[in-house]
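Here is the file model-v6.cif (mmCIF, C-alpha atoms and all ligand atoms).
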```cif
data_query
#
loop_
_atom_site.label_atom_id
_atom_site.label_comp_id
_atom_site.auth_asym_id
_atom_site.auth_seq_id
_atom_site.Cartn_x
_atom_site.Cartn_y
_atom_site.Cartn_z
CA MET A 1 70.08 98.66 70.62
CA LYS A 2 72.59 101.08 72.14
CA HIS A 3 75.60 99.51 73.83
CA ILE A 4 76.21 100.60 77.42
CA VAL A 5 79.59 99.67 78.87
CA VAL A 6 79.84 99.86 82.65
CA LEU A 7 83.15 100.01 84.52
CA THR A 8 82.67 99.14 88.18
CA GLY A 9 84.90 99.29 91.23
CA ALA A 10 84.67 98.47 94.91
CA GLY A 11 82.07 101.22 95.56
CA MET A 12 79.61 99.18 93.50
CA SER A 13 79.54 96.51 96.20
CA ALA A 14 79.87 98.87 99.21
CA GLU A 15 76.13 98.94 99.85
CA SER A 16 76.14 95.13 99.84
CA GLY A 17 78.50 95.31 102.81
CA VAL A 18 81.81 94.68 101.03
CA LYS A 19 84.56 97.08 102.10
CA THR A 20 86.18 99.28 99.49
CA PHE A 21 89.99 99.40 99.40
CA ARG A 22 90.95 103.05 99.85
CA ASP A 23 88.09 104.65 101.79
CA HIS A 24 88.48 105.37 105.52
CA ASN A 25 88.36 101.96 107.23
CA GLY A 26 88.93 100.36 103.80
CA LEU A 27 90.50 96.98 103.25
CA TRP A 28 93.99 98.29 102.54
CA GLU A 29 94.04 100.34 105.75
CA GLY A 30 94.31 97.15 107.82
CA HIS A 31 96.67 95.33 105.45
CA ASP A 32 100.01 95.85 103.83
CA VAL A 33 99.00 95.53 100.18
CA MET A 34 102.32 94.10 99.07
CA ARG A 35 102.13 91.34 101.69
CA VAL A 36 98.66 90.13 100.74
CA ALA A 37 98.28 91.09 97.08
CA SER A 38 101.58 90.60 95.28
CA PRO A 39 103.56 87.63 93.94
CA GLU A 40 106.41 88.55 96.34
CA GLY A 41 104.01 88.51 99.28
CA PHE A 42 102.77 85.08 98.23
CA ARG A 43 106.34 83.74 97.97
CA GLN A 44 107.25 85.14 101.38
CA ASN A 45 104.15 84.12 103.31
CA PRO A 46 101.70 82.02 101.28
CA GLU A 47 99.61 81.14 104.33
CA LEU A 48 98.92 84.81 105.10
CA VAL A 49 97.86 85.44 101.50
CA LEU A 50 95.66 82.33 101.29
CA ASP A 51 94.06 83.27 104.60
CA PHE A 52 93.36 86.82 103.37
CA TYR A 53 91.46 85.50 100.34
CA ASN A 54 89.80 82.72 102.38
CA GLN A 55 88.29 85.46 104.56
CA ARG A 56 87.12 87.38 101.50
CA ARG A 57 85.59 84.20 100.02
CA LYS A 58 83.80 83.42 103.32
CA GLN A 59 82.43 86.96 103.50
CA LEU A 60 81.18 86.81 99.93
CA LYS A 61 78.81 84.02 100.94
CA THR A 62 77.17 86.36 103.47
CA VAL A 63 76.44 89.29 101.14
CA GLN A 64 73.86 89.90 98.41
CA PRO A 65 73.68 92.05 95.29
CA ASN A 66 72.34 95.54 96.06
CA GLN A 67 69.74 97.52 94.12
CA ALA A 68 72.39 99.08 91.88
CA HIS A 69 73.58 95.62 90.76
CA LYS A 70 69.95 94.74 90.06
CA ASP A 71 69.30 97.99 88.17
CA LEU A 72 72.31 97.29 85.92
CA ALA A 73 70.99 93.81 85.21
CA ASN A 74 67.54 95.28 84.36
CA LEU A 75 69.12 97.72 81.88
CA GLU A 76 69.52 94.67 79.61
CA GLN A 77 65.81 95.01 78.78
CA ASP A 78 66.54 98.26 76.91
CA PHE A 79 70.25 98.15 76.07
CA LYS A 80 73.09 95.85 75.22
CA VAL A 81 75.07 96.00 78.46
CA THR A 82 78.63 94.89 79.06
CA ILE A 83 80.08 95.16 82.54
CA ILE A 84 83.81 95.47 83.02
CA THR A 85 84.42 95.07 86.72
CA GLN A 86 87.50 95.48 88.87
CA ASN A 87 85.64 93.59 91.57
CA VAL A 88 86.47 89.98 92.31
CA ASP A 89 83.03 89.24 93.79
CA ASP A 90 80.22 87.60 91.81
CA LEU A 91 77.50 90.11 92.71
CA HIS A 92 76.93 91.32 89.12
CA GLU A 93 76.35 87.74 87.99
CA ARG A 94 74.11 86.98 90.96
CA ALA A 95 72.03 90.09 90.18
CA GLY A 96 71.47 88.70 86.68
CA SER A 97 73.95 90.57 84.46
CA SER A 98 74.77 88.30 81.54
CA ASP A 99 77.96 89.85 80.15
CA VAL A 100 80.60 90.48 82.84
CA VAL A 101 84.34 90.82 82.27
CA HIS A 102 86.46 90.49 85.41
CA LEU A 103 89.59 92.59 85.02
CA HIS A 104 91.16 91.67 88.35
CA GLY A 105 90.16 88.03 88.57
CA GLU A 106 87.51 86.21 90.56
CA LEU A 107 87.38 85.21 94.20
CA LEU A 108 85.48 82.01 93.43
CA LYS A 109 88.18 80.73 91.08
CA ILE A 110 91.66 79.37 91.73
CA ARG A 111 94.47 78.43 89.41
CA SER A 112 97.62 76.35 89.37
CA THR A 113 100.89 78.16 90.14
CA GLY A 114 102.55 75.87 87.58
CA ASN A 115 99.96 76.22 84.82
CA PRO A 116 98.09 79.55 84.72
CA SER A 117 95.47 78.22 82.28
CA ASP A 118 94.44 75.49 84.75
CA ILE A 119 91.60 77.49 86.36
CA LYS A 120 88.84 75.98 88.48
CA THR A 121 85.81 77.12 90.45
CA TRP A 122 86.60 77.07 94.20
CA THR A 123 84.09 78.05 96.85
CA GLU A 124 85.78 76.86 100.07
CA ASP A 125 89.06 77.67 101.84
CA LEU A 126 92.25 77.24 99.84
CA ASN A 127 95.17 75.94 101.91
CA LEU A 128 98.86 75.31 101.58
CA GLY A 129 99.17 71.81 100.12
CA ASP A 130 96.05 72.11 97.91
CA ASN A 131 97.64 71.18 94.60
CA CYS A 132 96.60 70.89 90.96
CA ASP A 133 96.63 67.49 89.21
CA LYS A 134 100.28 68.02 88.28
CA GLY A 135 101.28 68.70 91.89
CA TYR A 136 101.66 72.51 91.81
CA GLN A 137 100.26 74.63 94.65
CA LEU A 138 96.95 76.30 93.81
CA ARG A 139 96.60 80.08 94.21
CA PRO A 140 93.72 82.58 94.11
CA HIS A 141 92.69 83.59 90.56
CA ILE A 142 93.32 87.25 91.37
CA VAL A 143 95.45 89.81 89.56
CA TRP A 144 98.03 90.92 92.10
CA PHE A 145 100.06 94.14 92.05
CA GLY A 146 102.85 93.84 89.53
CA GLU A 147 101.05 91.18 87.48
CA ASP A 148 99.67 91.46 83.95
CA VAL A 149 95.98 92.16 83.47
CA PRO A 150 95.14 89.58 80.80
CA MET A 151 91.61 90.88 80.16
CA ILE A 152 92.68 94.47 79.47
CA GLU A 153 92.82 94.07 75.68
CA THR A 154 89.32 92.63 75.65
CA ALA A 155 88.17 95.53 77.84
CA VAL A 156 89.77 98.12 75.54
CA LYS A 157 87.96 96.65 72.51
CA ILE A 158 84.66 96.74 74.41
CA CYS A 159 85.21 100.42 75.32
CA TYR A 160 85.96 101.34 71.68
CA ALA A 161 82.50 100.02 70.76
CA ALA A 162 80.58 101.74 73.60
CA ASP A 163 77.76 104.19 72.85
CA ILE A 164 77.63 105.14 76.53
CA LEU A 165 80.21 104.54 79.28
CA VAL A 166 79.05 104.37 82.90
CA ILE A 167 81.67 104.32 85.67
CA ILE A 168 80.56 103.37 89.17
CA GLY A 169 82.37 103.36 92.52
CA THR A 170 86.02 103.47 91.61
CA SER A 171 88.75 105.83 92.78
CA MET A 172 90.32 105.63 89.28
CA GLN A 173 93.72 105.09 90.87
CA VAL A 174 94.63 101.66 89.60
CA TYR A 175 95.92 101.26 86.06
CA PRO A 176 95.38 99.96 83.47
CA ALA A 177 91.69 99.84 84.54
CA ALA A 178 91.47 103.60 85.16
CA GLY A 179 92.86 104.26 81.68
CA LEU A 180 89.87 102.59 80.00
CA ILE A 181 88.06 105.95 80.05
CA ASN A 182 90.50 107.06 77.34
CA TYR A 183 89.48 104.29 74.94
CA VAL A 184 85.89 105.32 74.24
CA GLN A 185 85.09 107.35 71.12
CA PRO A 186 85.35 111.16 71.56
CA ASP A 187 81.55 111.61 71.36
CA THR A 188 80.67 108.77 73.76
CA ALA A 189 78.63 110.02 76.73
CA ILE A 190 80.30 109.18 80.04
CA PHE A 191 78.46 109.05 83.38
CA TYR A 192 80.48 108.65 86.60
CA ILE A 193 78.63 107.68 89.79
CA ASP A 194 80.63 108.00 93.02
CA PRO A 195 79.94 109.89 96.28
CA LYS A 196 83.55 111.14 96.23
CA PRO A 197 84.26 111.42 92.53
CA ALA A 198 87.89 111.28 91.48
CA ILE A 199 87.29 113.18 88.25
CA GLN A 200 85.28 116.30 87.47
CA GLY A 201 82.44 116.70 85.02
CA ARG A 202 83.49 118.27 81.72
CA GLY A 203 82.55 117.97 78.05
CA ASN A 204 80.90 114.61 77.63
CA ILE A 205 81.52 113.54 81.28
CA THR A 206 78.58 113.86 83.68
CA VAL A 207 79.39 113.29 87.34
CA ILE A 208 76.65 111.96 89.64
CA ALA A 209 78.12 112.46 93.12
CA LYS A 210 75.95 109.87 94.87
CA SER A 211 76.13 106.29 96.10
CA ALA A 212 75.71 103.51 93.56
CA THR A 213 72.05 102.83 94.45
CA GLU A 214 71.04 106.52 94.49
CA GLY A 215 73.13 107.38 91.44
CA MET A 216 71.64 104.51 89.43
CA LYS A 217 68.16 106.01 89.97
CA ASP A 218 69.38 109.31 88.45
CA LEU A 219 71.07 107.49 85.60
CA ILE A 220 67.94 105.50 84.73
CA ASP A 221 65.94 108.76 84.66
CA LYS A 222 68.46 110.19 82.20
CA LEU A 223 68.69 107.08 80.01
CA ILE A 224 65.13 105.80 79.83
P1 LIG B 1 88.82 102.01 95.83
O1 LIG B 1 88.68 101.55 97.24
O2 LIG B 1 90.12 102.57 95.42
O3 LIG B 1 87.71 103.10 95.51
C1 LIG B 1 86.38 102.90 95.90
C2 LIG B 1 85.53 104.03 95.37
O4 LIG B 1 84.18 103.73 95.71
C3 LIG B 1 85.86 105.40 95.93
O5 LIG B 1 85.97 106.35 94.89
C4 LIG B 1 84.66 105.71 96.84
O6 LIG B 1 84.33 107.10 96.88
C5 LIG B 1 83.57 104.91 96.15
N1 LIG B 1 82.43 104.54 97.01
C6 LIG B 1 82.39 104.34 98.34
N2 LIG B 1 81.14 104.01 98.73
C7 LIG B 1 80.37 104.00 97.61
C8 LIG B 1 79.00 103.72 97.34
N3 LIG B 1 78.14 103.39 98.30
N4 LIG B 1 78.57 103.81 96.06
C9 LIG B 1 79.43 104.14 95.06
N5 LIG B 1 80.72 104.41 95.26
C10 LIG B 1 81.20 104.34 96.51
O7 LIG B 1 88.38 100.76 94.92
P2 LIG B 1 88.66 100.52 93.37
O8 LIG B 1 88.71 101.81 92.62
O9 LIG B 1 87.72 99.48 92.93
O10 LIG B 1 92.58 95.52 92.94
O11 LIG B 1 90.11 99.92 93.42
C11 LIG B 1 90.70 99.41 92.25
C12 LIG B 1 91.53 98.20 92.57
O12 LIG B 1 92.43 98.52 93.64
C13 LIG B 1 90.75 97.02 93.09
O13 LIG B 1 90.18 96.24 92.05
C14 LIG B 1 91.76 96.25 93.85
C15 LIG B 1 92.49 97.39 94.53
O14 LIG B 1 93.80 97.17 94.83
C16 LIG B 1 93.07 94.31 93.30
O15 LIG B 1 92.99 93.86 94.42
C17 LIG B 1 93.72 93.58 92.20
#
```

Rewrite the structure from the file as structure tokens, please.
Ligand code: OAD
Amino acid sequence: MKHIVVLTGAGMSAESGVKTFRDHNGLWEGHDVMRVASPEGFRQNPELVLDFYNQRRKQLKTVQPNQAHKDLANLEQDFKVTIITQNVDDLHERAGSSDVVHLHGELLKIRSTGNPSDIKTWTEDLNLGDNCDKGYQLRPHIVWFGEDVPMIETAVKICYAADILVIIGTSMQVYPAAGLINYVQPDTAIFYIDPKPAIQGRGNITVIAKSATEGMKDLIDKLI
């Protein structure tokens, strides 16, 4: 079975009703990134940061996987599929994908500020004073700006082994995630689905300048 590796970004969930970060009216337009998504921001105003992610967590309960999430899950009938997502939502899992690596953390998990390996599932609001067993404040299990991306080495190894790389709905602006495209083998076919693609088609890169749901239809025609 051929191994398809899929790198997804916020555009993957846009048609589910989750805002992207950098599009017009995107999430970062209304927020100062460094205040809500950095360790410094959390030190300065933890309530603001917790509230920001509480809102995201609440919204996640109101949205559903879209057809593109479902199509990726269905690809498992014909391919080995590994999804590397920059998204912190659980829409790939809910659509039925069985192998999902979260590069930037997960909204439905929290961890101890005193013990990073103490990670728990958390579906409700997280507030100041919610502590781990050892008494440390709990924080969202999200990779903030300036923090390490612990899953990047795993993701690089997965990309090395890809027969096909599919990139969906990412502006390719945030590293190290955007750099993963450089870790596939030189002859690996790359498909990039995005209505405003950040890179051009060339050599082994085919650009499908469409939304995730429309682009997935084209991709399935090409692959199956
Ligand atoms: P961006 O907001 O930077 O980019 C979203 C991409 O999705 C853009 O290229 C859009 O053109 C595309 N897009 C919009 N609607 C789409 C649709 N219906 N179908 C397909 N694509 C669509 O989001 P990311 O590239 O995911 O990190 O951003 C990367 C990281 O930056 C995020 O994981 C987040 C952010 O800061 C953290 O918060 C840690």

Atomic separation - atom O13 of ligand LIG 1 (chain B) relative to atom CA of A:Thr8, Å: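 These atoms are spaced 8.9 Å apart.
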
Using only C-alpha atoms and all ligand atoms: which of A:Asn54, A:Thr206, A:Thr123, A:Ser171 has the shortest distance to ligand LIG 1 (chain B): A:Ser171

Surrounding residues of A:Pro116 excluding itself and chain neighbours under 4 positions, 12 Å, only C-alpha atoms, as number ranges by chain: A: 109-112, 120, 132, 136-143, 150

field: Close residues, stretch 43-51 of chain A itself excluded, 10 Å, only C-alpha atoms, min 6 positions apart in chain, as a list of chain:residue names
entry: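 Non-adjacent residues within range: A:Arg35, A:Val36, A:Ala37, A:Arg57, A:Asp125, A:Leu126, A:Asn127, A:Leu128, A:Leu138, A:Arg139, A:Pro140.
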
May I have a table of the residues of chain A lying at most 8 Å from ligand LIG 1 (chain B), giving each one's closest pair of atoms and their distance in Å to one decimal, counting only C-alpha atoms and all ligand atoms, ordered by chain and ascending residue number, as a Markdown table?
```
| residue | atom | partner | partner_atom | distance |
| --- | --- | --- | --- | --- |
| A:Thr8 | CA | B:LIG1 | O9 | 6.9 |
| A:Gly9 | CA | B:LIG1 | O9 | 3.3 |
| A:Ala10 | CA | B:LIG1 | O9 | 3.8 |
| A:Gly11 | CA | B:LIG1 | O4 | 3.3 |
| A:Met12 | CA | B:LIG1 | C9 | 5.2 |
| A:Ser13 | CA | B:LIG1 | C8 | 7.3 |
| A:Ala14 | CA | B:LIG1 | N3 | 4.9 |
| A:Glu15 | CA | B:LIG1 | N3 | 5.1 |
| A:Lys19 | CA | B:LIG1 | O1 | 7.8 |
| A:Thr20 | CA | B:LIG1 | O1 | 4.1 |
| A:Phe21 | CA | B:LIG1 | O1 | 3.3 |
| A:Arg22 | CA | B:LIG1 | O1 | 3.8 |
| A:Asp23 | CA | B:LIG1 | O1 | 5.5 |
| A:Gly26 | CA | B:LIG1 | O1 | 6.7 |
| A:Leu27 | CA | B:LIG1 | O1 | 7.8 |
| A:Trp28 | CA | B:LIG1 | O14 | 7.8 |
| A:Val33 | CA | B:LIG1 | O14 | 7.6 |
| A:Ala37 | CA | B:LIG1 | O15 | 6.5 |
| A:Thr85 | CA | B:LIG1 | O13 | 7.9 |
| A:Gln86 | CA | B:LIG1 | O13 | 4.2 |
| A:Asn87 | CA | B:LIG1 | O13 | 5.3 |
| A:Val88 | CA | B:LIG1 | O13 | 7.3 |
| A:Leu103 | CA | B:LIG1 | O13 | 7.9 |
| A:His104 | CA | B:LIG1 | C17 | 5.0 |
| A:Gly105 | CA | B:LIG1 | C17 | 7.5 |
| A:Ile142 | CA | B:LIG1 | C17 | 6.4 |
| A:Val143 | CA | B:LIG1 | C17 | 4.9 |
| A:Trp144 | CA | B:LIG1 | C17 | 5.1 |
| A:Phe145 | CA | B:LIG1 | C17 | 6.4 |
| A:Ile168 | CA | B:LIG1 | C9 | 6.0 |
| A:Gly169 | CA | B:LIG1 | N5 | 3.4 |
| A:Thr170 | CA | B:LIG1 | O8 | 3.3 |
| A:Ser171 | CA | B:LIG1 | O5 | 3.5 |
| A:Met172 | CA | B:LIG1 | O8 | 5.3 |
| A:Gln173 | CA | B:LIG1 | O8 | 6.2 |
| A:Val174 | CA | B:LIG1 | C11 | 5.2 |
| A:Ala177 | CA | B:LIG1 | C11 | 7.8 |
| A:Ile193 | CA | B:LIG1 | C9 | 6.4 |
| A:Asp194 | CA | B:LIG1 | N5 | 4.2 |
| A:Pro195 | CA | B:LIG1 | O6 | 5.2 |
| A:Lys196 | CA | B:LIG1 | O6 | 4.2 |
| A:Pro197 | CA | B:LIG1 | O5 | 5.8 |
| A:Ala198 | CA | B:LIG1 | O5 | 6.3 |
| A:Lys210 | CA | B:LIG1 | C9 | 6.7 |
| A:Ser211 | CA | B:LIG1 | N4 | 3.5 |
| A:Ala212 | CA | B:LIG1 | N4 | 3.8 |
| A:Thr213 | CA | B:LIG1 | N4 | 6.8 |
| A:Gly215 | CA | B:LIG1 | C9 | 8.0 |
```

Could the residues in this selection be saved with C-alpha atoms as a JSON list (two decimals), in the coordinates of the input?
```json
[["chain", "number", "residue", "atom", "x", "y", "z"],
["A", 8, "THR", "CA", 82.67, 99.14, 88.18],
["A", 9, "GLY", "CA", 84.90, 99.29, 91.23],
["A", 10, "ALA", "CA", 84.67, 98.47, 94.91],
["A", 11, "GLY", "CA", 82.07, 101.22, 95.56],
["A", 12, "MET", "CA", 79.61, 99.18, 93.50],
["A", 13, "SER", "CA", 79.54, 96.51, 96.20],
["A", 14, "ALA", "CA", 79.87, 98.87, 99.21],
["A", 15, "GLU", "CA", 76.13, 98.94, 99.85],
["A", 19, "LYS", "CA", 84.56, 97.08, 102.10],
["A", 20, "THR", "CA", 86.18, 99.28, 99.49],
["A", 21, "PHE", "CA", 89.99, 99.40, 99.40],
["A", 22, "ARG", "CA", 90.95, 103.05, 99.85],
["A", 23, "ASP", "CA", 88.09, 104.65, 101.79],
["A", 26, "GLY", "CA", 88.93, 100.36, 103.80],
["A", 27, "LEU", "CA", 90.50, 96.98, 103.25],
["A", 28, "TRP", "CA", 93.99, 98.29, 102.54],
["A", 33, "VAL", "CA", 99.00, 95.53, 100.18],
["A", 37, "ALA", "CA", 98.28, 91.09, 97.08],
["A", 85, "THR", "CA", 84.42, 95.07, 86.72],
["A", 86, "GLN", "CA", 87.50, 95.48, 88.87],
["A", 87, "ASN", "CA", 85.64, 93.59, 91.57],
["A", 88, "VAL", "CA", 86.47, 89.98, 92.31],
["A", 103, "LEU", "CA", 89.59, 92.59, 85.02],
["A", 104, "HIS", "CA", 91.16, 91.67, 88.35],
["A", 105, "GLY", "CA", 90.16, 88.03, 88.57],
["A", 142, "ILE", "CA", 93.32, 87.25, 91.37],
["A", 143, "VAL", "CA", 95.45, 89.81, 89.56],
["A", 144, "TRP", "CA", 98.03, 90.92, 92.10],
["A", 145, "PHE", "CA", 100.06, 94.14, 92.05],
["A", 168, "ILE", "CA", 80.56, 103.37, 89.17],
["A", 169, "GLY", "CA", 82.37, 103.36, 92.52],
["A", 170, "THR", "CA", 86.02, 103.47, 91.61],
["A", 171, "SER", "CA", 88.75, 105.83, 92.78],
["A", 172, "MET", "CA", 90.32, 105.63, 89.28],
["A", 173, "GLN", "CA", 93.72, 105.09, 90.87],
["A", 174, "VAL", "CA", 94.63, 101.66, 89.60],
["A", 177, "ALA", "CA", 91.69, 99.84, 84.54],
["A", 193, "ILE", "CA", 78.63, 107.68, 89.79],
["A", 194, "ASP", "CA", 80.63, 108.00, 93.02],
["A", 195, "PRO", "CA", 79.94, 109.89, 96.28],
["A", 196, "LYS", "CA", 83.55, 111.14, 96.23],
["A", 197, "PRO", "CA", 84.26, 111.42, 92.53],
["A", 198, "ALA", "CA", 87.89, 111.28, 91.48],
["A", 210, "LYS", "CA", 75.95, 109.87, 94.87],
["A", 211, "SER", "CA", 76.13, 106.29, 96.10],
["A", 212, "ALA", "CA", 75.71, 103.51, 93.56],
["A", 213, "THR", "CA", 72.05, 102.83, 94.45],
["A", 215, "GLY", "CA", 73.13, 107.38, 91.44]]
```

message: Calculated over only C-alpha atoms, which of the candidates A:Lys222, A:His102, A:Arg94, A:Lys2 has the smallest distance to A:Lys61?
response: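 Smallest separation from A:Lys61 among the options: A:Arg94.
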
task: Would you kindly return, as a ChimeraX atom specification, each protein, DNA or RNA residue with an atom no farther than 9 Å from any atom of A:Ile4, considering only C-alpha atoms and excluding same-chain residues fewer than 6 positions away?
output: /A:75,79-83,162-166

- line: Nearest to A:Ser38, restricted to only C-alpha atoms and choosing among A:His3, A:Thr62, A:Glu147, A:Gly135, comes out as A:Glu147

- prompt: Which is closer to A:Asp99 than all the others in A:Ile167, A:Val149, A:Ala189, A:Ala155, using all atoms listed in the file?
  reply: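 Answer, going by the shortest atom-to-atom distance: A:Ala155.
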
Stretch 202-216 of chain A dumped to file, N, CA, C and O atoms, as a PDB file, in the first residue's frame:
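The resulting file, decode-v1.pdb, is shown below:
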```
ATOM      1  N   ARG A 202       5.513  23.322  -9.532  1.00  0.00           N
ATOM      2  CA  ARG A 202       6.759  23.157 -10.290  1.00  0.00           C
ATOM      3  C   ARG A 202       7.230  21.728 -10.067  1.00  0.00           C
ATOM      4  O   ARG A 202       6.928  21.144  -9.031  1.00  0.00           O
ATOM      5  N   GLY A 203       7.951  21.186 -11.039  1.00  0.00           N
ATOM      6  CA  GLY A 203       8.505  19.831 -10.868  1.00  0.00           C
ATOM      7  C   GLY A 203       7.456  18.862 -10.362  1.00  0.00           C
ATOM      8  O   GLY A 203       6.424  18.643 -11.007  1.00  0.00           O
ATOM      9  N   ASN A 204       7.712  18.318  -9.193  1.00  0.00           N
ATOM     10  CA  ASN A 204       6.799  17.309  -8.643  1.00  0.00           C
ATOM     11  C   ASN A 204       5.675  17.925  -7.801  1.00  0.00           C
ATOM     12  O   ASN A 204       4.924  17.219  -7.150  1.00  0.00           O
ATOM     13  N   ILE A 205       5.551  19.271  -7.796  1.00  0.00           N
ATOM     14  CA  ILE A 205       4.497  19.921  -6.990  1.00  0.00           C
ATOM     15  C   ILE A 205       3.312  20.304  -7.883  1.00  0.00           C
ATOM     16  O   ILE A 205       3.464  21.079  -8.835  1.00  0.00           O
ATOM     17  N   THR A 206       2.139  19.745  -7.577  1.00  0.00           N
ATOM     18  CA  THR A 206       0.917  20.107  -8.287  1.00  0.00           C
ATOM     19  C   THR A 206       0.060  20.949  -7.357  1.00  0.00           C
ATOM     20  O   THR A 206      -0.247  20.528  -6.238  1.00  0.00           O
ATOM     21  N   VAL A 207      -0.308  22.151  -7.812  1.00  0.00           N
ATOM     22  CA  VAL A 207      -1.139  23.022  -6.991  1.00  0.00           C
ATOM     23  C   VAL A 207      -2.595  22.886  -7.427  1.00  0.00           C
ATOM     24  O   VAL A 207      -2.909  22.964  -8.622  1.00  0.00           O
ATOM     25  N   ILE A 208      -3.472  22.660  -6.480  1.00  0.00           N
ATOM     26  CA  ILE A 208      -4.919  22.633  -6.739  1.00  0.00           C
ATOM     27  C   ILE A 208      -5.487  23.847  -6.005  1.00  0.00           C
ATOM     28  O   ILE A 208      -5.649  23.832  -4.783  1.00  0.00           O
ATOM     29  N   ALA A 209      -5.740  24.919  -6.760  1.00  0.00           N
ATOM     30  CA  ALA A 209      -6.124  26.197  -6.129  1.00  0.00           C
ATOM     31  C   ALA A 209      -7.623  26.223  -5.846  1.00  0.00           C
ATOM     32  O   ALA A 209      -8.386  26.957  -6.477  1.00  0.00           O
ATOM     33  N   LYS A 210      -8.044  25.386  -4.920  1.00  0.00           N
ATOM     34  CA  LYS A 210      -9.462  25.254  -4.573  1.00  0.00           C
ATOM     35  C   LYS A 210      -9.587  25.082  -3.060  1.00  0.00           C
ATOM     36  O   LYS A 210      -8.592  24.851  -2.366  1.00  0.00           O
ATOM     37  N   SER A 211     -10.827  25.153  -2.584  1.00  0.00           N
ATOM     38  CA  SER A 211     -11.071  24.904  -1.159  1.00  0.00           C
ATOM     39  C   SER A 211     -10.771  23.436  -0.849  1.00  0.00           C
ATOM     40  O   SER A 211     -10.660  22.604  -1.771  1.00  0.00           O
ATOM     41  N   ALA A 212     -10.693  23.129   0.431  1.00  0.00           N
ATOM     42  CA  ALA A 212     -10.350  21.761   0.841  1.00  0.00           C
ATOM     43  C   ALA A 212     -11.366  20.751   0.287  1.00  0.00           C
ATOM     44  O   ALA A 212     -10.973  19.714  -0.261  1.00  0.00           O
ATOM     45  N   THR A 213     -12.667  21.051   0.389  1.00  0.00           N
ATOM     46  CA  THR A 213     -13.666  20.064  -0.058  1.00  0.00           C
ATOM     47  C   THR A 213     -13.636  19.891  -1.577  1.00  0.00           C
ATOM     48  O   THR A 213     -13.702  18.773  -2.086  1.00  0.00           O
ATOM     49  N   GLU A 214     -13.516  21.009  -2.313  1.00  0.00           N
ATOM     50  CA  GLU A 214     -13.458  20.912  -3.781  1.00  0.00           C
ATOM     51  C   GLU A 214     -12.141  20.282  -4.226  1.00  0.00           C
ATOM     52  O   GLU A 214     -12.113  19.432  -5.123  1.00  0.00           O
ATOM     53  N   GLY A 215     -11.064  20.708  -3.614  1.00  0.00           N
ATOM     54  CA  GLY A 215      -9.738  20.205  -3.985  1.00  0.00           C
ATOM     55  C   GLY A 215      -9.599  18.713  -3.711  1.00  0.00           C
ATOM     56  O   GLY A 215      -8.944  17.996  -4.476  1.00  0.00           O
ATOM     57  N   MET A 216     -10.215  18.244  -2.631  1.00  0.00           N
ATOM     58  CA  MET A 216     -10.137  16.806  -2.321  1.00  0.00           C
ATOM     59  C   MET A 216     -10.793  15.978  -3.414  1.00  0.00           C
ATOM     60  O   MET A 216     -10.329  14.879  -3.718  1.00  0.00           O
TER      61      MET A 216
END
```
